[in-house]
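What follows is one structure encoded as structure tokens, with my remarks underneath.
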Amino acid sequence: MPEAPLTISDRIQQKLEGLTRAERQLAHSILENYPASGLGPLTALAKDAEVSVPTVARMVQKLGFKGYPEFQAELREELRAKVKGPIAKHDTWAGGAPEEHMLNRFTDAVIDNIRHTLGQIDPQSFDTACALVGDTGRHLYIVGGRVTHTLAEYLFLHMQVIRPRITHIQSTSNTWPHYLLDVAPGDVFVIYDVRRYENNTLKLAEMAHAQGAKIILFTDQWRSPVHQLADISFSSRIVVPSAWDSAATTLLLTETMISAVQNLDWDKTKTRMEGLEDMFDQTKLFRKFT
């Protein structure tokens, strides 16, 4: 399967360390409202970022574009991809589908997504996120959406075993504002939000942020609006030959986080796991032997 092209966000992240101070200022300005930030005139982008017009032109070339019109054209393509629904996504894929078996094509796409995603993640940021999630001095809240609630529930189920003081908030429920009553500064929200971003999730993030909570966001390559509020964001590649986006890479990051957090204080985790297993034995919930 053809390699997935880098988004402009990917290119910026790759080049960030080698940019000048003004170019980094411009890069952060673009990422703050990405991809819509670069859709206006060149002079407007320069003004918003408080840099010169030549700085914008120079930065665009560093990202691999011949000029600002080509840069904008790519942004428009990304914006169209960002808002695609399942039917449009399937039609785009089906027209040029290769002849190989779906098992191979789908697997190739997932592996490519994983490789690109891991290439963009800062290990130190991931470690910081895991430390926040594992800090029992902070209440942990986990939030998912219409589709991503399955990932949120998966993380919640494991974190229940690893640590106390944890709450699963279903963002689609009209009761979620009640959970915010007890949010204290420094508490941690893990939020899942991928394209077809949900207004409820953004509003919840805004209110949690206003109360001083730390936000860790799992999103896609186009990035949820929540990223502007997040302390740490992880953007996963999600496109596969399907009408539906793939959760495989996001699940990989989630499972890696579970593994990392359980090892931060294994003795306490082990004690909680042993207590849970004892309860399972008492309830005879599971068969130990067939």
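Ordering of the structure tokens sets the chain letters (A, B, ...), residue numbers begin anew at 1 in every chain, and ligands are numbered from 1 in the order given.
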Fill in: strand (DSSP E or B) per DSSP on the backbone: members of segment 98-251 of chain A, as a PyMOL selection string
chain A and resi 140-144+166-170+188-192+214-220+232-236
Worksheet entry | Picked from segment 34-135 of chain A by DSSP as alpha helix (DSSP H), as a PyMOL selection string | chain A and resi 42-49+53-62+68-82+86-94+102-120+123-134
Counting only C-alpha atoms, give me one row per residue of segment 173-219 of chain A with an atom at most 7 Å from an atom of segment 142-159 of chain A, showing the shortest contact pair and its distance in Å to one decimal, sorted by chain then residue number, as a tab-separated table.
```
residue	atom	partner	partner_atom	distance
A:Phe189	CA	A:Ile142	CA	5.8
A:Val190	CA	A:Ile142	CA	4.8
A:Ile191	CA	A:Val143	CA	4.8
A:Tyr192	CA	A:Gly144	CA	4.9
A:Asp193	CA	A:Gly145	CA	6.5
```
Writing out the chosen residues with N, CA, C and O atoms as a PDB file, in the first residue's frame:
```
ATOM      1  N   PHE A 189      -7.372  14.894  33.244  1.00  0.00           N
ATOM      2  CA  PHE A 189      -8.378  14.404  32.315  1.00  0.00           C
ATOM      3  C   PHE A 189      -7.669  13.748  31.133  1.00  0.00           C
ATOM      4  O   PHE A 189      -6.825  14.374  30.488  1.00  0.00           O
ATOM      5  N   VAL A 190      -7.991  12.494  30.857  1.00  0.00           N
ATOM      6  CA  VAL A 190      -7.565  11.846  29.619  1.00  0.00           C
ATOM      7  C   VAL A 190      -8.771  11.873  28.693  1.00  0.00           C
ATOM      8  O   VAL A 190      -9.824  11.323  29.010  1.00  0.00           O
ATOM      9  N   ILE A 191      -8.625  12.530  27.547  1.00  0.00           N
ATOM     10  CA  ILE A 191      -9.748  12.741  26.624  1.00  0.00           C
ATOM     11  C   ILE A 191      -9.421  12.137  25.260  1.00  0.00           C
ATOM     12  O   ILE A 191      -8.335  12.353  24.723  1.00  0.00           O
ATOM     13  N   TYR A 192     -10.372  11.373  24.736  1.00  0.00           N
ATOM     14  CA  TYR A 192     -10.272  10.828  23.384  1.00  0.00           C
ATOM     15  C   TYR A 192     -11.220  11.609  22.482  1.00  0.00           C
ATOM     16  O   TYR A 192     -12.409  11.723  22.772  1.00  0.00           O
ATOM     17  N   ASP A 193     -10.695  12.146  21.365  1.00  0.00           N
ATOM     18  CA  ASP A 193     -11.544  12.879  20.433  1.00  0.00           C
ATOM     19  C   ASP A 193     -10.911  12.839  19.051  1.00  0.00           C
ATOM     20  O   ASP A 193      -9.826  13.391  18.846  1.00  0.00           O
TER      21      ASP A 193
END
```
Fill in: Pick from A:Lys47, A:Lys214, A:Lys203, A:Arg115, whichever lies nearest to Tyr141 of chain A using only C-alpha atoms
A:Lys214
Item to complete: For each of A:Ile30, A:Ile8, A:Leu251, A:Met273, take the minimum atom-to-atom distance to Glu70 of chain A, counting only C-alpha atoms, then give the residue where this is smallest.
Response: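 Between A:Ile30, A:Ile8, A:Leu251, A:Met273, the residue approaching Glu70 of chain A most closely is A:Ile8.
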Discussion item. Applying 12 Å and only C-alpha atoms, which residues near His178 of chain A remain after dropping the ones on its own chain fewer than 2 positions away? List them as a PyMOL selection string.
Written reply: chain A and resi 167+169-171+173-176+180-183+204+207-208
Would you put the residues from that selection into a file with all heavy atoms, as a tab-separated table (two decimals), in the first residue's frame?
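Output saved as again-v5.tsv:
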```
chain	number	residue	atom	x	y	z
A	167	THR	N	-12.46	8.27	37.69
A	167	THR	CA	-13.85	8.44	37.26
A	167	THR	C	-13.92	8.34	35.74
A	167	THR	O	-13.11	8.94	35.04
A	167	THR	CB	-14.41	9.81	37.69
A	167	THR	OG1	-14.38	9.89	39.12
A	167	THR	CG2	-15.85	9.99	37.22
A	169	ILE	N	-16.12	9.43	32.69
A	169	ILE	CA	-17.19	10.35	32.30
A	169	ILE	C	-17.61	10.03	30.86
A	169	ILE	O	-16.76	10.03	29.96
A	169	ILE	CB	-16.73	11.82	32.36
A	169	ILE	CG1	-16.28	12.19	33.78
A	169	ILE	CG2	-17.84	12.75	31.91
A	169	ILE	CD1	-15.74	13.60	33.89
A	170	GLN	N	-18.88	9.79	30.65
A	170	GLN	CA	-19.38	9.61	29.29
A	170	GLN	C	-19.83	10.97	28.77
A	170	GLN	O	-20.82	11.53	29.24
A	170	GLN	CB	-20.53	8.61	29.28
A	170	GLN	CG	-20.08	7.22	29.73
A	170	GLN	CD	-21.14	6.17	29.50
A	170	GLN	OE1	-22.02	6.34	28.66
A	170	GLN	NE2	-21.06	5.09	30.24
A	171	SER	N	-19.09	11.50	27.80
A	171	SER	CA	-19.33	12.87	27.36
A	171	SER	C	-20.67	13.04	26.67
A	171	SER	O	-21.17	14.16	26.52
A	171	SER	CB	-18.20	13.33	26.41
A	171	SER	OG	-18.22	12.57	25.23
A	173	SER	N	-23.42	11.91	27.82
A	173	SER	CA	-24.48	11.91	28.83
A	173	SER	C	-24.79	13.33	29.29
A	173	SER	O	-23.91	14.17	29.41
A	173	SER	CB	-24.03	11.07	30.04
A	173	SER	OG	-24.90	11.26	31.13
A	174	ASN	N	-26.08	13.60	29.56
A	174	ASN	CA	-26.44	14.93	30.05
A	174	ASN	C	-26.11	15.11	31.53
A	174	ASN	O	-26.39	16.16	32.10
A	174	ASN	CB	-27.92	15.22	29.79
A	174	ASN	CG	-28.84	14.22	30.50
A	174	ASN	OD1	-28.39	13.40	31.29
A	174	ASN	ND2	-30.12	14.28	30.17
A	175	THR	N	-25.52	14.09	32.13
A	175	THR	CA	-25.15	14.19	33.56
A	175	THR	C	-23.68	14.56	33.76
A	175	THR	O	-23.26	14.75	34.89
A	175	THR	CB	-25.43	12.87	34.29
A	175	THR	OG1	-24.61	11.83	33.71
A	175	THR	CG2	-26.89	12.47	34.17
A	176	TRP	N	-22.90	14.68	32.66
A	176	TRP	CA	-21.46	14.87	32.86
A	176	TRP	C	-21.11	16.17	33.59
A	176	TRP	O	-20.07	16.22	34.27
A	176	TRP	CB	-20.67	14.73	31.57
A	176	TRP	CG	-20.88	15.73	30.47
A	176	TRP	CD1	-21.55	15.54	29.32
A	176	TRP	CD2	-20.37	17.07	30.40
A	176	TRP	NE1	-21.52	16.66	28.53
A	176	TRP	CE2	-20.79	17.63	29.16
A	176	TRP	CE3	-19.61	17.87	31.26
A	176	TRP	CZ2	-20.49	18.92	28.76
A	176	TRP	CZ3	-19.29	19.16	30.86
A	176	TRP	CH2	-19.73	19.67	29.64
A	180	LEU	N	-17.95	17.58	37.18
A	180	LEU	CA	-17.03	18.71	37.27
A	180	LEU	C	-17.09	19.43	38.61
A	180	LEU	O	-16.22	20.24	38.92
A	180	LEU	CB	-17.32	19.69	36.14
A	180	LEU	CG	-17.06	19.16	34.72
A	180	LEU	CD1	-17.51	20.17	33.68
A	180	LEU	CD2	-15.60	18.81	34.52
A	181	LEU	N	-18.13	19.13	39.40
A	181	LEU	CA	-18.28	19.80	40.69
A	181	LEU	C	-17.08	19.58	41.60
A	181	LEU	O	-16.70	20.45	42.38
A	181	LEU	CB	-19.55	19.31	41.40
A	181	LEU	CG	-20.89	19.77	40.80
A	181	LEU	CD1	-22.04	19.03	41.46
A	181	LEU	CD2	-21.05	21.28	40.96
A	182	ASP	N	-16.48	18.40	41.50
A	182	ASP	CA	-15.39	18.04	42.42
A	182	ASP	C	-14.00	18.14	41.80
A	182	ASP	O	-13.02	17.72	42.41
A	182	ASP	CB	-15.62	16.61	42.95
A	182	ASP	CG	-16.90	16.49	43.75
A	182	ASP	OD1	-17.20	17.42	44.53
A	182	ASP	OD2	-17.61	15.47	43.60
A	183	VAL	N	-13.91	18.67	40.59
A	183	VAL	CA	-12.59	18.79	39.95
A	183	VAL	C	-11.75	19.83	40.66
A	183	VAL	O	-12.19	20.97	40.88
A	183	VAL	CB	-12.75	19.15	38.45
A	183	VAL	CG1	-11.39	19.44	37.83
A	183	VAL	CG2	-13.44	18.01	37.71
A	204	LEU	N	-16.71	20.15	27.69
A	204	LEU	CA	-16.22	19.53	28.92
A	204	LEU	C	-14.75	19.91	29.15
A	204	LEU	O	-14.35	20.25	30.27
A	204	LEU	CB	-16.39	18.02	28.84
A	204	LEU	CG	-16.06	17.19	30.09
A	204	LEU	CD1	-16.90	15.90	30.09
A	204	LEU	CD2	-14.59	16.83	30.17
A	207	MET	N	-14.37	23.50	30.36
A	207	MET	CA	-14.75	23.69	31.76
A	207	MET	C	-13.73	23.07	32.71
A	207	MET	O	-13.40	23.65	33.75
A	207	MET	CB	-16.15	23.11	31.99
A	207	MET	CG	-17.24	23.85	31.20
A	207	MET	SD	-18.86	23.06	31.25
A	207	MET	CE	-19.34	23.39	32.95
A	208	ALA	N	-13.20	21.89	32.34
A	208	ALA	CA	-12.16	21.26	33.16
A	208	ALA	C	-10.90	22.11	33.18
A	208	ALA	O	-10.26	22.30	34.23
A	208	ALA	CB	-11.86	19.86	32.62
```
Practice prompt. Skip Ala109 of chain A itself and residues of its chain fewer than 3 positions away, then list as a list in words all residues within 6 Å of it, counting only C-alpha atoms.
Written response: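 Non-adjacent residues within range: Phe106, Asp112 and Val240 of chain A.
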Discussion item. Between A:Phe71, A:Trp266, A:Phe234, A:Tyr179, which residue has the minimum interatomic distance to Gln120 of chain A, considering only C-alpha atoms?
Written reply: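 Selected residue with least distance to Gln120 of chain A: A:Phe234.
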